[in-house]
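Enquirer: Here you go, one structure.
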Amino acid sequence: MDVWNLQPGTVIRIVKTFQDCYGAEFAAGRTLHFTHRNYLPYHAGHTVYFQEATMYLSDNDATCAIVQNHKDEYFVVISQPEGEEAERIAQLQAQAEAERTRGAVAAGKRQHYKTLAAGVISVAVAFGVAIPLGFWLRPHYPAISDNVFAVIVVVVLFVTAAATMMGLRRVLRIGRPRRSTTVKRGGFANNNVSVVANVSGESSGYEISLDDFRRLVTDPACQPVVQPLLREWFGCEIVGTGPKTELHSHQNDAIELRDLYQQIQSDPARQRTIYNRAMDLWR
């Protein structure tokens, strides 16, 4: 059985310890319950979702051997659904995929409208600065030739528009730089944890904002993708959807979303993983 042919509800057992593309180890003897798989043709990347973990593989690196799994070298199937159970799981998977697709389309439209609005605002601000400046400049400096005057106005127009657009991009883009900070917060199950955020103050290219993380956790279309990661990393369960969403530990203690966000952003591997999952959903 290879990764391409795994069906929702299939249970596999790892028979040879390996690491996926991001270095996550899957030890021999581990049992995993397959839910679904995403494939990105451009990157030849497989995102394989199990109830217990998420596995990242590629056809373009050494993990392609895991994808092919010749002669059950890396994993074996120990059970798979049949009959009505298989049909029920397939229907649930189709519904989840449809929800993810609708969420991705809606996110793309929102991003498009935000970008369009930013462009309109930038142009309006630029003309709002350049035109009054021109009316003020002409009578105060009558010696300036028409050509020089036109160049000055055009330069001010473009510089103002570009500066305004760059400022608005901080609101529009998913990842953004953060100031260095070290904070102490209440941890999971009432244990104190120290969370160290990005200390460089520079973007690593894989950050997402707190608002985007909140959307991943609360959006019903995103929850099936994010829940396995939070369960694997923190033993955390998502309860509810939308504004009523809550995060609970195995002890049923409430977990602050901001604490979880800071923990992920302070871990480069998890930061990149959650970023890639967001891109899978929203691109």
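By convention here, the chains of the structure tokens are called A, B, ... in the order presented, each chain's residues are numbered starting at 1, and ligands are numbered starting at 1 in the order presented.
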I'd like the contact shell of Leu216 of chain A - 10 Å cut-off, only C-alpha atoms, skipping same-chain residues fewer than 6 positions apart - returned as an NGL selection string.
Expert: :A and (210 or 222-227 or 274 or 277-278 or 281)
Enquirer: Calculate how many Å separate atom CA of Lys114 of chain A from atom CA of Asn276 of chain A, rounding to one decimal.
Expert: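 Between these atoms lies a distance of 21.8 Å.
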Enquirer: Give me, please, the distance in Å between atom CA of Val156 of chain A and atom CA of Gln111 of chain A, quoted to one decimal.
Expert: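 Taking atom CA of Val156 of chain A as the start and atom CA of Gln111 of chain A as the end point, the length is 27.9 Å.
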Enquirer: I need the residue nearest Cys21 of chain A from this list: A:Met1, A:Leu6, A:Val239, A:Val48. Use only C-alpha atoms for the distance.
Expert: A:Val48
Enquirer: Got a sec: who's within 10 Å of Leu230 of chain A, counting only C-alpha atoms, leaving out chain neighbours fewer than 3 positions off, as a PyMOL selection string?
Expert: chain A and resi 52-53+217+225-227+233-238+247+260+264+274
Enquirer: Could you turn the residues from that selection into a file that holds C-alpha atoms, as a JSON list (two decimals), in the first residue's frame?
Expert:
[["chain", "number", "residue", "atom", "x", "y", "z"],
["A", 52, "GLU", "CA", -2.72, 11.37, 15.83],
["A", 53, "ALA", "CA", -0.33, 13.40, 13.64],
["A", 217, "VAL", "CA", -8.87, 27.66, 15.04],
["A", 225, "VAL", "CA", -6.70, 20.65, 9.33],
["A", 226, "VAL", "CA", -5.56, 22.45, 12.50],
["A", 227, "GLN", "CA", -7.05, 20.10, 15.12],
["A", 233, "TRP", "CA", 1.72, 19.16, 19.81],
["A", 234, "PHE", "CA", -0.18, 20.13, 22.95],
["A", 235, "GLY", "CA", -2.88, 17.53, 23.63],
["A", 236, "CYS", "CA", -5.32, 20.33, 22.88],
["A", 237, "GLU", "CA", -8.91, 19.96, 21.64],
["A", 238, "ILE", "CA", -10.96, 22.55, 19.74],
["A", 247, "LEU", "CA", -9.54, 25.34, 23.52],
["A", 260, "LEU", "CA", -1.02, 28.63, 22.10],
["A", 264, "ILE", "CA", 3.83, 27.88, 18.07],
["A", 274, "ILE", "CA", 1.13, 26.05, 10.72]]
Enquirer: Do a neighbour search on Phe34 of chain A at 10 Å with only C-alpha atoms, toss out local chain neighbours closer than 6 positions, and write the hits as a ChimeraX atom specification.
Expert: /A:6-12,48-54,80
Enquirer: Report, in Å to a single decimal, how far apart atom CA of Ile208 of chain A and atom CA of Gln262 of chain A are.
Expert: 10.8 Å
Enquirer: Restricting the calculation to only C-alpha atoms, which member of A:Asp72, A:Leu32, A:Val3, A:His140 is positioned closest to Asp59 of chain A?
Expert: A:Val3
Enquirer: Give me the residues near Ala65 of chain A as a list in words, where near means some atom within 12 Å (using only C-alpha atoms) and where sequence neighbours in that chain fewer than 5 positions away do not count.
Expert: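 Using only C-alpha atoms, the neighbours found are Asp2, Val3, Lys16, Phe18, Gln19, Asp20, Cys21, Leu57, Ser58, Asp59, Asn60, His70, Lys71, Asp72, Glu73, Tyr74 and Phe75 of chain A.
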Enquirer: So, with only C-alpha atoms as the atoms that count, which of A:Arg102, A:Ile255, A:Leu157, A:Phe135 lies closest to Pro220 of chain A?
Expert: A:Arg102
Enquirer: Find, counting only C-alpha atoms, the residue in A:Ile78, A:Ala124, A:Ala221, A:Leu137 that gets nearest to Ile152 of chain A.
Expert: A:Leu137
Enquirer: Which is closest to Arg30 of chain A among A:Val123, A:Ala44, A:Ala117, A:Val15, if we use only C-alpha atoms?
Expert: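 Answer, going by the shortest atom-to-atom distance: A:Val15.
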Enquirer: At a cut-off of 9 Å, using only C-alpha atoms, what residues contact Gly134 of chain A? Leave out same-chain residues fewer than 4 positions from it and give the result as a PyMOL selection string.
Expert: chain A and resi 129-130+138+149-150+152-153
